[in-house]
Amino acid sequence: MGHELAWELPVILYLFLAGLGAGTVTVSASVLLRGGGGGFGGRHFAIARYGALIGPLPVLVGTFFIVFELGRPFRALNLFKLVNLSPMSIGSWLLGLFIVVSLLYALLFLPWPTSISERLQPWRKALSWVCVPLGIGVAVYTGVLLGAMAARPFWNSPILALLFLVSALSTGIATIILAQTLLYKPPPDDPRAKKLFHESGYLLTASDVMLIGFELLVIFLFIMYAYLTVGNARYAIAVILPGGDLAAPFWLWVVLVGLLVPALVELFYVVPKLLYRRDYAAPRVVELAVPIAVLVGGFMLRYVVVVAGQVTGPVGL
Amino acid sequence: MFNAKNVVAARRHFVKALAAGVAAVAATVSGASRGAAAAATPKKTKRQYGMVIDVRRCIGCHACTVACKSEFGVPLGFTRSWVEYTEKGTYPNVGRSFLPRLCNHCSEPPCVSVCPTNATYRRPQDGIVVIDDGLCIGCKYCIQACPYDARFLNPVTGFADKCDFCIHRVSQGVEPACVNTCIGGARIFGDLSDPGSTVSKLISKNRVTVLRREMGTLPNVYYIGADHTDELDASRPELRQVHVITHRKQRQRR
Ligand code: SF4
Ligand code: SF4
């Protein structure tokens with residue numbers, strides 16, 4: 001390869017963490033909007049709370065990385081002197097807005113005394129309506145940022161932003177599943193709580209399966225269009241096709257570990273309920289391993305895409 | 001009526017358009033509609049500085065590279081202007097050609113459209129694409145977006161850096177350092193919007209090319225006699241053995 005990479009680990013981490021955080025908050029807000037405060041004996045609310053409290057953290061950490069990658073952190077303020085049509089300009093404003101809104105949203109989920117907490121419910125709903133579009137916006141922008149350049153044929157695909165969005169939502173769900181598994185154990189002597197716990201797990205896992213399926217489809221389209229093109233995109237995509245420099249991390253970590261295995265395991269537990277209305281009951285180790293695999297895959301997706309875009313370029317002179 | 005050839009040609013055209021991406025499609029469309037209007041530069045500037053590089057006169061001595069480095073004190077390992085070699089063929093049928101490079105000061109510069117702070121902009125008075133160090137945040141977006149690898153992050157200042165056509169010299173009526181030093185007279189600088197200028201005359205009288213035309217950037221650096229053989233041609237039987245030497249830290253063109 002012998003290429004100098006202008007964007008390295010901090011940028012990769014930023015794209016991953018911003019997507020993950022935005023996905024987590026989006027999922028949290030959607031769950032809240034769907035199930036209100038009730039649903040599953042409060043489990044809906046609990047899921048929304050995990051997402052709301054965790055979501056802003058990765059975004060802040062990612063932003064920290066990207067700002068300090070600049071070398072002169074305070075220079076980043078120049079971004080907020082104007083708006084222009086650069087995806088980075090629009091994205092920075094979106095990100096700034098998202099950080100403020102998601103922090104406010106998180107604030108509403110702190111363990112307030114019940115009387116206050118009940119009065120906060122309409123505010124939570126209102127902010128959810130803002131969080132969903134903002135979260136989607138941030139996740140999409142991380143893809144548009146890369147996709148906007150003809151000089152980078154690997155990235156210059158309209159479907160890349162969609163891929164990043166789906167991956168962001170899927171890693172967001174994984175984060176919430178992981179949080180629920182780590183932080184909550186249904187009281188063993190209460191079968192009702194246990195059932196509700198599994199039902200909420202089912203909701204998350206089933207959605208995740210769907211998103212992963214969609215993500216696989218988007219990846220297929222991404223590769224297929226590049227491959228069927230004559231010219232730059234075709235030569236660029238070769239780097240992740242068999243024989244390419246990045247084929248191993250892509251197929252092994254992104255597709256197999258990050259998508260196929262989690263999807264199959266999740267399907268194994270989701271299908272009986274879906275088809276035969278059996279109770280969903282995934283063992284704890286599965287509810288730990290699957291989200292971790294999805295998160296690893298999400299990171300590797302950003303890694304492969306960011307590196308692949310920079311080691312390939314237009315052919316011809 | 002039904003002409004298979006046309007269909008194939010049309011399809012090929014379509015596929016090509018897809019390959020070159022949105023920018024190129026836009027360029028094709030506007031190129032098609034331009035026709036009689038013949039408006040060469042989409043965003044009119046008062047002057048349009050440009051360069052003609054007559055590759056036939058280049059001897060690959062790197063005097064321009066060195067002059068540029070000393071003019072600006074460019075940090076070690078980086079170049080604003082440089083010379084590439086392309087070697088090709090199998091013995092005894094071999095050839096080597098030179099390709100002096102610099103920022104193309106494009107009329108449709110992608111580096112400008114991605115810059116989030118407007119630090120990179122195209123000067124309305126002369127079409128030179130410059131970087132405002134007071135605004136640049138060193139995000140390297142422009143470095144990604146330039147199809148010519150003309151930009152780098154200056155490790156001393158921490159800002160994006162590249163050729164600026166020696167604004168400090170040309171504003172005083174002096175030629176850029178590389179042009180001034182070129183012993184073969186291969187680099188010719190001037191105002192492209194003036195039909196009487198040397199560069200304009202050279203362009204109208206010679207077969208000229210620009211680099212990576214399909215990127216739709218409308219470069220203002222023209223080449224006479226440039227060899228557009230690239231690494232990809234190495235796999236083709238009639239050429240074989242193509243070897244590109246960039247003389248840069250980035251050994252491969254990207
Ligand atoms: S050659 Fe590159 S840096 Fe120079 S104007 Fe064109 S796109 Fe910008
Ligand atoms: S590195 Fe500087 S000039 Fe380049 S896009 Fe970023 S802010 Fe603009």
# chains A, B, ... in the order shown; residues from 1 in each chain; ligands from 1
$ residues_around --residues "Val210 of chain B" --least-positions-apart "2" --cutoff "7 Å" --atoms "only C-alpha atoms" --output "list in words"
Val208, Arg212, Arg213, Pro219, Val221, Tyr222 and Tyr223 of chain B
$ closest_atom_pairs --of "chain B" --to "chain A" --cutoff "9 Å" --atoms "only C-alpha atoms" --output "tab-separated table"
residue	atom	partner	partner_atom	distance
B:Arg12	CA	A:Val230	CA	8.8
B:Val15	CA	A:Thr229	CA	6.3
B:Lys16	CA	A:Val230	CA	6.3
B:Leu18	CA	A:Thr229	CA	7.0
B:Ala19	CA	A:Thr229	CA	5.6
B:Ala20	CA	A:Asn232	CA	7.0
B:Gly21	CA	A:Ala150	CA	6.1
B:Val22	CA	A:Ala150	CA	7.4
B:Ala23	CA	A:Ala150	CA	6.5
B:Ala24	CA	A:Ala150	CA	8.1
B:Pro110	CA	A:Met149	CA	7.4
B:Val112	CA	A:Ser86	CA	8.8
B:Ser113	CA	A:Ser86	CA	6.0
B:Val114	CA	A:Ser86	CA	4.5
B:Cys115	CA	A:Ser86	CA	6.0
B:Pro116	CA	A:Ser89	CA	4.5
B:Thr117	CA	A:Leu79	CA	5.5
B:Asn118	CA	A:Asn84	CA	7.8
B:Leu135	CA	A:Asn78	CA	6.3
B:Cys136	CA	A:Arg75	CA	7.8
B:Ile137	CA	A:Arg75	CA	5.3
B:Gly138	CA	A:Leu70	CA	5.7
B:Cys139	CA	A:Leu70	CA	6.0
B:Lys140	CA	A:Ala6	CA	6.6
B:Tyr141	CA	A:Met88	CA	8.3
B:Ile143	CA	A:Ala6	CA	7.5
B:Gln144	CA	A:Arg152	CA	7.2
B:Ala145	CA	A:Met149	CA	5.5
B:Cys146	CA	A:Ala151	CA	6.2
B:Pro147	CA	A:Ala151	CA	4.5
B:Tyr148	CA	A:Ala151	CA	8.2
B:Phe152	CA	A:Ala6	CA	8.7
B:Leu153	CA	A:Ala6	CA	8.4
B:Gly158	CA	A:Gly71	CA	6.9
B:Val210	CA	A:Leu317	CA	8.8
B:Leu211	CA	A:Leu317	CA	5.6
B:Arg212	CA	A:Leu317	CA	5.2
B:Arg213	CA	A:Leu317	CA	8.5
B:Met215	CA	A:Ala150	CA	6.7
B:Asp227	CA	A:Leu317	CA	8.8
B:His228	CA	A:Leu317	CA	5.5
B:Thr229	CA	A:Leu317	CA	7.1
B:Asp230	CA	A:Gly316	CA	5.9
B:Glu231	CA	A:Gly316	CA	8.0
B:Leu232	CA	A:Val315	CA	7.0
B:Asp233	CA	A:Gly316	CA	8.8
B:Lys249	CA	A:Glu4	CA	8.2
B:Gln250	CA	A:His3	CA	6.0
B:Arg251	CA	A:Gly2	CA	6.8
B:Gln252	CA	A:His3	CA	7.2
B:Arg253	CA	A:Gly313	CA	8.1
B:Arg254	CA	A:Gly313	CA	4.8
$ residues_around --residues "Arg302 of chain A" --least-positions-apart "6" --cutoff "7 Å" --atoms "only C-alpha atoms" --output "list in words"
Ile12, Leu15 and Phe16 of chain A
$ residues_around --residues "segment 275-289 of chain A" --least-positions-apart "5" --cutoff "7 Å" --atoms "only C-alpha atoms" --output "number ranges by chain"
A: 177-178, 181, 198-199, 202, 269-270
$ closest_residue --among "B:Thr65, B:Lys44, B:Ile59, B:Asp126" --to "Thr181 of chain B" --atoms "only C-alpha atoms"
B:Thr65
$ closest_residue --among "B:Ile131, B:Ala186, B:Ile203, B:Cys166" --to "Val83 of chain B" --atoms "only C-alpha atoms"
B:Ala186
$ atom_distance --atom1 "atom CA of Pro262 of chain A" --atom2 "atom CA of Thr205 of chain A"
9.9 Å
